[in-house]
>>> print(open('start.cif').read())   # mmCIF, C-alpha atoms
data_structure
loop_
_atom_site.label_atom_id
_atom_site.label_comp_id
_atom_site.auth_asym_id
_atom_site.auth_seq_id
_atom_site.Cartn_x
_atom_site.Cartn_y
_atom_site.Cartn_z
CA THR J 1 -17.73 31.56 21.95
CA LEU J 2 -18.80 31.48 18.31
CA LEU J 3 -15.19 31.36 17.16
CA HIS J 4 -14.59 28.43 19.53
CA PHE J 5 -17.41 26.42 17.90
CA VAL J 6 -16.20 27.29 14.40
CA ILE J 7 -12.75 25.98 15.29
CA VAL J 8 -14.07 22.82 16.96
CA VAL J 9 -16.59 22.00 14.21
CA GLY J 10 -14.31 23.00 11.33
CA PHE J 11 -11.09 21.48 12.59
CA THR J 12 -12.13 17.81 12.45
CA PRO J 13 -13.01 17.72 8.72
CA LEU J 14 -9.97 19.84 7.91
CA ALA J 15 -7.66 17.55 9.91
CA ARG J 16 -9.16 14.47 8.22
CA ARG J 17 -8.63 16.00 4.78
CA LEU J 18 -5.04 17.00 5.52
CA THR J 19 -4.23 13.58 6.96
CA SER J 20 -5.48 11.85 3.82
CA ARG J 21 -3.11 13.98 1.75
CA LEU J 22 -0.03 13.43 3.87
CA ARG J 23 2.84 11.73 2.15
CA GLY J 24 4.71 8.83 3.67
CA SER J 25 6.07 5.49 2.59
CA VAL J 26 5.18 1.87 3.20
CA ARG J 27 6.93 -1.42 2.49
CA LEU J 28 4.63 -4.13 1.22
CA HIS J 29 5.13 -7.76 0.29
CA VAL J 30 2.66 -8.64 -2.47
CA THR J 31 2.03 -12.22 -3.60
CA TYR J 32 0.12 -12.87 -6.79
CA ARG J 33 -0.59 -15.41 -9.53
CA ASP J 34 2.26 -15.64 -12.03
CA GLY J 35 1.81 -15.27 -15.78
CA ARG J 36 -1.48 -13.34 -15.71
CA GLY J 37 -0.22 -9.75 -15.91
CA VAL J 38 -1.02 -9.11 -12.26
CA LEU J 39 2.17 -7.14 -11.56
CA ARG J 40 1.37 -4.86 -14.50
CA GLN J 41 -2.10 -4.24 -13.02
CA VAL J 42 -0.57 -3.59 -9.58
CA LEU J 43 1.77 -0.99 -11.09
CA GLN J 44 -1.10 0.60 -13.02
CA THR J 45 -3.07 0.86 -9.77
CA CYS J 46 -0.09 2.58 -8.15
CA ASP J 47 0.09 5.01 -11.07
CA HIS J 48 -3.66 5.68 -10.89
CA HIS J 49 -3.36 6.63 -7.19
CA ARG J 50 -0.16 8.66 -7.84
CA TRP J 51 1.94 6.40 -5.59
CA GLN J 52 5.64 6.39 -6.42
CA LEU J 53 7.52 3.10 -6.48
CA SER J 54 10.94 3.60 -4.91
CA SER J 55 12.03 -0.05 -4.74
CA LEU J 56 10.90 -3.36 -6.16
CA ALA J 57 12.54 -6.72 -5.44
CA ALA J 58 11.24 -10.08 -6.62
CA ASP J 59 11.39 -13.09 -4.32
CA ALA J 60 14.01 -15.65 -5.31
CA PRO J 61 12.55 -18.65 -7.18
CA GLY J 62 11.74 -21.46 -4.74
CA ALA J 63 12.37 -19.25 -1.70
CA PRO J 64 9.74 -18.87 1.02
CA LEU J 65 7.25 -16.12 0.24
CA GLY J 66 7.84 -13.00 2.28
CA ALA J 67 10.50 -11.90 4.68
CA GLU J 68 9.09 -13.71 7.71
CA SER J 69 7.34 -16.58 5.98
CA LEU J 70 8.41 -20.14 6.70
CA SER J 71 6.06 -21.75 4.19
CA PRO J 72 7.47 -22.95 0.86
CA GLN J 73 6.53 -21.15 -2.31
CA LEU J 74 3.30 -22.43 -3.86
CA PRO J 75 3.27 -23.34 -7.57
CA GLY J 76 2.08 -20.46 -9.71
CA ILE J 77 2.39 -17.90 -6.90
CA VAL J 78 5.21 -15.33 -6.88
CA GLY J 79 5.99 -12.37 -4.66
CA VAL J 80 7.61 -8.97 -4.71
CA MET J 81 8.72 -6.57 -1.99
CA MET J 82 7.85 -2.98 -2.88
CA THR J 83 8.28 0.39 -1.24
CA LEU J 84 5.63 2.96 -2.14
CA SER J 85 5.17 6.61 -1.23
CA GLY J 86 2.67 9.29 -2.08
CA PRO J 87 -0.68 10.75 -1.12
CA GLY J 88 -3.02 8.44 0.77
CA ILE J 89 -0.35 5.75 0.92
CA LEU J 90 -1.75 4.22 4.10
CA ARG J 91 -4.71 2.99 2.03
CA SER J 92 -2.43 1.24 -0.48
CA PRO J 93 -2.91 -2.31 0.88
CA GLU J 94 -6.68 -2.06 0.34
CA GLY J 95 -6.21 -0.56 -3.12
CA LEU J 96 -3.75 -3.22 -4.25
CA ALA J 97 -5.78 -6.06 -2.72
CA SER J 98 -8.60 -5.19 -5.12
CA VAL J 99 -6.44 -6.18 -8.11
CA ASP J 100 -7.63 -9.51 -9.52
CA GLY J 101 -4.96 -12.18 -8.99
CA VAL J 102 -3.34 -10.70 -5.87
CA SER J 103 -3.15 -13.45 -3.24
CA SER J 104 -1.93 -11.50 -0.21
CA ILE J 105 -0.44 -8.22 0.89
CA ASP J 106 1.69 -7.92 4.01
CA ARG J 107 2.81 -4.58 5.36
CA ILE J 108 6.41 -4.79 6.57
CA ASP J 109 7.12 -2.52 9.53
CA ASP J 110 10.71 -1.33 9.73
CA ASP J 111 10.34 -0.91 13.50
CA SER J 112 10.26 -4.70 14.02
CA GLU J 113 13.64 -5.27 12.38
#
>>> encode(input="start.cif", output="structure tokens")
Amino acid sequence: TLLHFVIVVGFTPLARRLTSRLRGSVRLHVTYRDGRGVLRQVLQTCDHHRWQLSSLAADAPGAPLGAESLSPQLPGIVGVMMTLSGPGILRSPEGLASVDGVSSIDRIDDDSE
């Protein structure tokens, strides 16, 4: 009985800790203010969290922002599509949203394509 309680009480924190360390990848579309070094700060944030950038593609000038967006590009706002992987990657949208100058972050699910 004691062993049962040790497993039940100890498993939840252990599972939470292991889950936070799991590696995966996410595709994000990040829009930000142009000309203010925001992309540099975004990349520094990725480096700080040990997230690896496997692809980066800038939106075409004048094109709608984002893959599914129908709105025209706003003046002074640019976007990039990035694929990130690494530990705690599921928290990357919150981490990147804290960068000053980031306008929006959309997670792109490959399942919907």
>>> atom_distance(input="start.cif", atom1="atom CA of His29 of chain J", atom2="atom CA of Ser55 of chain J")
11.5 Å
>>> atom_distance(input="start.cif", atom1="atom CA of Thr31 of chain J", atom2="atom CA of Leu84 of chain J")
15.7 Å
>>> atom_distance(input="start.cif", atom1="atom CA of Leu28 of chain J", atom2="atom CA of Leu56 of chain J")
9.7 Å
>>> resolve_selection(input="start.cif", expression="the PyMOL selection byres ((chain J and resi 36) around 12)", output="JSON, numbers by chain")
{"J": [32, 33, 34, 35, 37, 38, 39, 40, 41, 42, 76, 77, 78, 99, 100, 101, 102]}
>>> resolve_selection(input="start.cif", expression="the PyMOL selection byres ((chain J and resi 89) around 8)", output="list of chain:residue names")
J:Arg23, J:Gly24, J:Ser25, J:Val26, J:Trp51, J:Leu84, J:Ser85, J:Gly86, J:Pro87, J:Gly88, J:Leu90, J:Arg91, J:Ser92
>>> closest_residue(input="start.cif", among="J:Met81, J:Pro75, J:Ser54, J:Val30", to="Ser103 of chain J", atoms="all atoms listed in the file")
J:Val30
>>> axis_aligned_box(input="start.cif", around="segment 93-98 of chain J", padding_each_side="3 Å", output="lines of an AutoDock Vina configuration file")
center_x = -5.8
center_y = -3.3
center_z = -2.1
size_x = 11.7
size_y = 11.5
size_z = 12.0
>>> residues_near_point(input="start.cif", point="(-7.5, 3.7, -4.2)", cutoff="8 Å", atoms="all atoms listed in the file", output="count of residues only")
8
